[in-house]
Amino acid sequence: MPAVRDHSEHVYKIAHQPSAAASSPVAASWRRCMTLHGLAPEEPRTPWRLAESEFRQARERSGVLIAEAAGELDRLFAVIGRAGCCLLLTDDKGVALERRGAVGDDADFRDVGLWSGTVWSEASVGTNGIGTAIADERAVIIQRDQHFLSRNIGLSCATAPIRNEAGRLAAAIDISTCRDDASEATLSILSQAVRDAASRIEANLFRRAFAGARIVLVPADRAGPALLAVDRDDLVLGATRAARQRLGLDDARIAAGVPASDLLQEDAPGEGGELPDAERAALRRVLSRANGNVSMAADLLGISRATLYRKMKRLSLN
């Protein structure tokens, strides 16, 4: 077919130009497909498909993700399902765990492999919404002939990654369509919808992971929910990726203990109170600021080290 031949020739030409790969995410993905994964655009390959037992294990590993995403998938499909779109939730390997699609469109999507149990990584089917969003860890739109495989140039995809409570890539959510009239404007709208859904799923996962904590919204201009989980003493227990980027947090700093009021430059709840819980919280914050150095904490409080030790013992902070 001329269209397939023309597309393959175009992919080879662009992918072999280092300047194009450096400036274009799609060209960089095409180059990865050939050099890293050994794929050829003219290959008549379909996505890898997991055996039933492997698929069952993949779903079990992602049980929490599936549970927290189910409502968002249903709501999103209620909006886009009649527009000839298919909705997939995958894990971080590109395995399609959950699917939403209209019965009338099933045959088209099954033919291209947009079905539960298939693998939409770049290694499996080259440049595509899911695989490239996972590889680049960012939301992407892959429209028709931007796909690596010539057999997939009838598809258009809008995909967003989903991160877990520690800010690490955990999944992807994708809207795909086989319609040849899917314009750039339409895909931009679908992309915003899928990014919003991904943000809500991330927030669901975060709140579930820190169910007993106070959840604080951090002012941020980055994509994704910027949330902190804070304990009763105002120490940060966890932070989403957007909050980590906004506040300069990482796993080590969170594990060491950092007061949320310091990060947000606010007065901590209970600060200055006379109740034991408030005093305990204040001491924990000061100890955190002093990196556990009791002498330094005593100096910050303006009391002797012996007095601070007595307070720590009384409040079970030893």
# chains A, B, ... in the order shown; residues from 1 in each chain; ligands from 1
>>> select_by_dssp(residues="segment 78-165 of chain A", states="strand (DSSP E or B)", output="compact mmCIF listing (two decimals) with N, CA and C atoms, in the first residue's frame")
# COMPACT_ATOMS: atom_id res chain seq x y z
N CYS A 85 -14.69 6.60 20.73
CA CYS A 85 -13.42 6.50 21.45
C CYS A 85 -13.37 5.26 22.33
N CYS A 86 -12.16 4.79 22.57
CA CYS A 86 -11.89 3.67 23.46
C CYS A 86 -11.03 4.19 24.61
N LEU A 87 -11.31 3.73 25.80
CA LEU A 87 -10.60 4.19 27.00
C LEU A 87 -9.86 3.01 27.63
N LEU A 88 -8.56 3.21 27.89
CA LEU A 88 -7.75 2.15 28.51
C LEU A 88 -7.05 2.68 29.75
N LEU A 89 -6.97 1.83 30.77
CA LEU A 89 -6.12 2.07 31.95
C LEU A 89 -5.04 0.99 31.91
N THR A 90 -3.78 1.41 31.95
CA THR A 90 -2.68 0.44 31.92
C THR A 90 -1.83 0.56 33.17
N ASP A 91 -0.99 -0.44 33.41
CA ASP A 91 -0.01 -0.32 34.48
C ASP A 91 1.23 0.39 33.94
N VAL A 95 0.54 -2.55 30.21
CA VAL A 95 -0.45 -3.63 30.14
C VAL A 95 -1.85 -3.05 30.34
N ALA A 96 -2.73 -3.27 29.39
CA ALA A 96 -4.10 -2.76 29.47
C ALA A 96 -4.88 -3.55 30.52
N LEU A 97 -5.14 -2.91 31.67
CA LEU A 97 -5.81 -3.57 32.79
C LEU A 97 -7.32 -3.44 32.72
N GLU A 98 -7.78 -2.27 32.31
CA GLU A 98 -9.21 -1.97 32.25
C GLU A 98 -9.50 -1.30 30.92
N ARG A 99 -10.68 -1.58 30.38
CA ARG A 99 -11.06 -1.00 29.09
C ARG A 99 -12.52 -0.56 29.14
N ARG A 100 -12.80 0.54 28.48
CA ARG A 100 -14.17 0.99 28.27
C ARG A 100 -14.33 1.27 26.78
N THR A 118 -3.56 -6.66 26.47
CA THR A 118 -2.51 -6.36 25.50
C THR A 118 -1.49 -5.42 26.13
N VAL A 119 -0.31 -5.34 25.49
CA VAL A 119 0.79 -4.52 26.03
C VAL A 119 1.09 -3.41 25.03
N VAL A 140 0.95 12.95 26.43
CA VAL A 140 1.28 13.06 25.01
C VAL A 140 0.02 12.94 24.17
N ILE A 141 0.09 13.48 22.97
CA ILE A 141 -0.88 13.23 21.90
C ILE A 141 -0.10 12.61 20.75
N ILE A 142 -0.51 11.43 20.31
CA ILE A 142 0.10 10.79 19.13
C ILE A 142 -1.00 10.66 18.09
N GLN A 143 -0.87 11.45 17.04
CA GLN A 143 -1.94 11.53 16.04
C GLN A 143 -1.54 10.81 14.76
N SER A 156 -5.51 7.71 16.61
CA SER A 156 -5.08 8.93 17.29
C SER A 156 -5.30 8.72 18.78
N CYS A 157 -4.31 9.13 19.60
CA CYS A 157 -4.33 8.82 21.02
C CYS A 157 -3.98 10.04 21.86
N ALA A 158 -4.64 10.17 23.00
CA ALA A 158 -4.29 11.17 24.01
C ALA A 158 -4.11 10.42 25.32
N THR A 159 -2.94 10.55 25.92
CA THR A 159 -2.58 9.73 27.08
C THR A 159 -1.94 10.58 28.16
N ALA A 160 -2.18 10.22 29.41
CA ALA A 160 -1.53 10.90 30.53
C ALA A 160 -1.02 9.85 31.51
N PRO A 161 0.17 10.06 32.08
CA PRO A 161 0.68 9.15 33.10
C PRO A 161 -0.03 9.38 34.43
N ILE A 162 -0.02 8.36 35.26
CA ILE A 162 -0.57 8.44 36.62
C ILE A 162 0.54 8.05 37.58
N ARG A 163 0.69 8.84 38.65
CA ARG A 163 1.76 8.59 39.62
C ARG A 163 1.18 8.12 40.94
>>> residues_around(residues="Tyr309 of chain A", least_positions_apart="3", cutoff="12 Å", atoms="only C-alpha atoms", output="number ranges by chain")
A: 283, 287, 293-295, 297-298, 303-306, 312-318
>>> atom_distance(atom1="atom CA of Val112 of chain A", atom2="atom CA of Cys178 of chain A")
9.4 Å
>>> select_by_dssp(residues="segment 19-193 of chain A", states="alpha helix (DSSP H)", output="PyMOL selection string")
chain A and resi 19-23+25-35+52-61+63-80+106-112+122-125+129-136+184-193
>>> residues_around(residues="Gly126 of chain A", least_positions_apart="2", cutoff="9 Å", atoms="only C-alpha atoms", output="PyMOL selection string")
chain A and resi 29-30+32-34+37+39-41+120-124+128+131-132+147-149
>>> closest_residue(among="A:Gln192, A:Thr186, A:Ser23, A:Asn152", to="Asp174 of chain A", atoms="only C-alpha atoms")
A:Gln192
>>> residues_around(residues="Ser19 of chain A", least_positions_apart="6", cutoff="12 Å", atoms="only C-alpha atoms", output="VMD selection string")
chain A and resid 13 25 27 to 28 31
>>> closest_residue(among="A:Leu36, A:Leu190, A:Val4, A:Ile175", to="Gly101 of chain A", atoms="only C-alpha atoms")
A:Ile175
>>> closest_residue(among="A:Glu68, A:Asp299, A:Asp136, A:Asp180", to="Arg200 of chain A", atoms="only C-alpha atoms")
A:Glu68
>>> atom_distance(atom1="atom CA of Arg168 of chain A", atom2="atom CA of Asp92 of chain A")
9.7 Å
>>> closest_residue(among="A:Val125, A:Val286, A:Leu264, A:Ala252", to="Gly38 of chain A", atoms="only C-alpha atoms")
A:Val125
>>> decode(residues="segment 220-233 of chain A", atoms="all heavy atoms", output="PDB file, in the first residue's frame")
ATOM      1  N   ALA A 220       0.289  25.440  43.610  1.00  0.00           N
ATOM      2  CA  ALA A 220       1.283  25.048  42.604  1.00  0.00           C
ATOM      3  C   ALA A 220       0.712  25.269  41.230  1.00  0.00           C
ATOM      4  O   ALA A 220      -0.507  25.196  41.018  1.00  0.00           O
ATOM      5  CB  ALA A 220       1.689  23.587  42.789  1.00  0.00           C
ATOM      6  N   ASP A 221       1.594  25.528  40.277  1.00  0.00           N
ATOM      7  CA  ASP A 221       1.154  25.735  38.891  1.00  0.00           C
ATOM      8  C   ASP A 221       1.516  24.553  38.004  1.00  0.00           C
ATOM      9  O   ASP A 221       1.415  24.612  36.794  1.00  0.00           O
ATOM     10  CB  ASP A 221       1.756  27.018  38.312  1.00  0.00           C
ATOM     11  CG  ASP A 221       3.282  27.036  38.389  1.00  0.00           C
ATOM     12  OD1 ASP A 221       3.866  26.036  38.846  1.00  0.00           O
ATOM     13  OD2 ASP A 221       3.880  28.059  37.986  1.00  0.00           O
ATOM     14  N   ARG A 222       1.964  23.456  38.613  1.00  0.00           N
ATOM     15  CA  ARG A 222       2.358  22.281  37.836  1.00  0.00           C
ATOM     16  C   ARG A 222       1.164  21.358  37.621  1.00  0.00           C
ATOM     17  O   ARG A 222       0.175  21.406  38.358  1.00  0.00           O
ATOM     18  CB  ARG A 222       3.480  21.501  38.546  1.00  0.00           C
ATOM     19  CG  ARG A 222       4.782  22.280  38.631  1.00  0.00           C
ATOM     20  CD  ARG A 222       5.855  21.449  39.332  1.00  0.00           C
ATOM     21  NE  ARG A 222       7.125  22.162  39.407  1.00  0.00           N
ATOM     22  CZ  ARG A 222       8.050  22.147  38.471  1.00  0.00           C
ATOM     23  NH1 ARG A 222       7.842  21.456  37.371  1.00  0.00           N
ATOM     24  NH2 ARG A 222       9.166  22.811  38.616  1.00  0.00           N
ATOM     25  N   ALA A 223       1.292  20.507  36.617  1.00  0.00           N
ATOM     26  CA  ALA A 223       0.228  19.546  36.351  1.00  0.00           C
ATOM     27  C   ALA A 223       0.179  18.519  37.472  1.00  0.00           C
ATOM     28  O   ALA A 223       1.202  18.168  38.059  1.00  0.00           O
ATOM     29  CB  ALA A 223       0.481  18.855  35.016  1.00  0.00           C
ATOM     30  N   GLY A 224      -1.012  18.038  37.762  1.00  0.00           N
ATOM     31  CA  GLY A 224      -1.163  17.023  38.787  1.00  0.00           C
ATOM     32  C   GLY A 224      -1.502  17.637  40.130  1.00  0.00           C
ATOM     33  O   GLY A 224      -1.251  18.817  40.377  1.00  0.00           O
ATOM     34  N   PRO A 225      -2.084  16.836  41.016  1.00  0.00           N
ATOM     35  CA  PRO A 225      -2.472  17.352  42.332  1.00  0.00           C
ATOM     36  C   PRO A 225      -1.248  17.604  43.209  1.00  0.00           C
ATOM     37  O   PRO A 225      -0.358  16.763  43.314  1.00  0.00           O
ATOM     38  CB  PRO A 225      -3.329  16.214  42.902  1.00  0.00           C
ATOM     39  CG  PRO A 225      -2.800  14.975  42.241  1.00  0.00           C
ATOM     40  CD  PRO A 225      -2.371  15.403  40.859  1.00  0.00           C
ATOM     41  N   ALA A 226      -1.193  18.787  43.839  1.00  0.00           N
ATOM     42  CA  ALA A 226      -0.085  19.119  44.747  1.00  0.00           C
ATOM     43  C   ALA A 226      -0.595  18.970  46.174  1.00  0.00           C
ATOM     44  O   ALA A 226      -1.208  19.884  46.729  1.00  0.00           O
ATOM     45  CB  ALA A 226       0.413  20.536  44.481  1.00  0.00           C
ATOM     46  N   LEU A 227      -0.361  17.792  46.747  1.00  0.00           N
ATOM     47  CA  LEU A 227      -0.912  17.456  48.059  1.00  0.00           C
ATOM     48  C   LEU A 227       0.179  17.032  49.018  1.00  0.00           C
ATOM     49  O   LEU A 227       1.144  16.370  48.638  1.00  0.00           O
ATOM     50  CB  LEU A 227      -1.938  16.318  47.936  1.00  0.00           C
ATOM     51  CG  LEU A 227      -3.104  16.526  46.968  1.00  0.00           C
ATOM     52  CD1 LEU A 227      -3.940  15.254  46.888  1.00  0.00           C
ATOM     53  CD2 LEU A 227      -3.964  17.706  47.399  1.00  0.00           C
ATOM     54  N   LEU A 228      -0.005  17.404  50.296  1.00  0.00           N
ATOM     55  CA  LEU A 228       0.834  16.911  51.384  1.00  0.00           C
ATOM     56  C   LEU A 228      -0.035  16.100  52.335  1.00  0.00           C
ATOM     57  O   LEU A 228      -1.185  16.451  52.589  1.00  0.00           O
ATOM     58  CB  LEU A 228       1.447  18.073  52.181  1.00  0.00           C
ATOM     59  CG  LEU A 228       2.489  18.975  51.523  1.00  0.00           C
ATOM     60  CD1 LEU A 228       2.897  20.062  52.517  1.00  0.00           C
ATOM     61  CD2 LEU A 228       3.701  18.160  51.089  1.00  0.00           C
ATOM     62  N   ALA A 229       0.539  15.028  52.878  1.00  0.00           N
ATOM     63  CA  ALA A 229      -0.082  14.293  53.976  1.00  0.00           C
ATOM     64  C   ALA A 229       0.685  14.662  55.234  1.00  0.00           C
ATOM     65  O   ALA A 229       1.909  14.539  55.288  1.00  0.00           O
ATOM     66  CB  ALA A 229      -0.018  12.792  53.727  1.00  0.00           C
ATOM     67  N   VAL A 230      -0.042  15.137  56.255  1.00  0.00           N
ATOM     68  CA  VAL A 230       0.590  15.688  57.448  1.00  0.00           C
ATOM     69  C   VAL A 230       0.034  14.981  58.684  1.00  0.00           C
ATOM     70  O   VAL A 230      -1.177  14.742  58.779  1.00  0.00           O
ATOM     71  CB  VAL A 230       0.317  17.208  57.541  1.00  0.00           C
ATOM     72  CG1 VAL A 230       0.988  17.814  58.755  1.00  0.00           C
ATOM     73  CG2 VAL A 230       0.790  17.906  56.267  1.00  0.00           C
ATOM     74  N   ASP A 231       0.924  14.636  59.629  1.00  0.00           N
ATOM     75  CA  ASP A 231       0.446  13.958  60.835  1.00  0.00           C
ATOM     76  C   ASP A 231      -0.035  14.978  61.874  1.00  0.00           C
ATOM     77  O   ASP A 231      -0.023  16.188  61.647  1.00  0.00           O
ATOM     78  CB  ASP A 231       1.516  13.015  61.398  1.00  0.00           C
ATOM     79  CG  ASP A 231       2.691  13.736  62.045  1.00  0.00           C
ATOM     80  OD1 ASP A 231       2.644  14.984  62.186  1.00  0.00           O
ATOM     81  OD2 ASP A 231       3.677  13.060  62.409  1.00  0.00           O
ATOM     82  N   ARG A 232      -0.452  14.500  63.030  1.00  0.00           N
ATOM     83  CA  ARG A 232      -1.059  15.386  64.030  1.00  0.00           C
ATOM     84  C   ARG A 232      -0.049  16.361  64.621  1.00  0.00           C
ATOM     85  O   ARG A 232      -0.420  17.356  65.237  1.00  0.00           O
ATOM     86  CB  ARG A 232      -1.685  14.557  65.154  1.00  0.00           C
ATOM     87  CG  ARG A 232      -0.684  13.742  65.951  1.00  0.00           C
ATOM     88  CD  ARG A 232      -1.369  13.032  67.092  1.00  0.00           C
ATOM     89  NE  ARG A 232      -0.404  12.350  67.935  1.00  0.00           N
ATOM     90  CZ  ARG A 232      -0.706  11.807  69.103  1.00  0.00           C
ATOM     91  NH1 ARG A 232      -1.959  11.887  69.554  1.00  0.00           N
ATOM     92  NH2 ARG A 232       0.212  11.195  69.821  1.00  0.00           N
ATOM     93  N   ASP A 233       1.237  16.076  64.441  1.00  0.00           N
ATOM     94  CA  ASP A 233       2.288  16.963  64.941  1.00  0.00           C
ATOM     95  C   ASP A 233       2.825  17.884  63.847  1.00  0.00           C
ATOM     96  O   ASP A 233       3.886  18.496  64.012  1.00  0.00           O
ATOM     97  CB  ASP A 233       3.432  16.142  65.536  1.00  0.00           C
ATOM     98  CG  ASP A 233       2.999  15.363  66.761  1.00  0.00           C
ATOM     99  OD1 ASP A 233       2.041  15.805  67.438  1.00  0.00           O
ATOM    100  OD2 ASP A 233       3.603  14.308  67.030  1.00  0.00           O
TER     101      ASP A 233
END
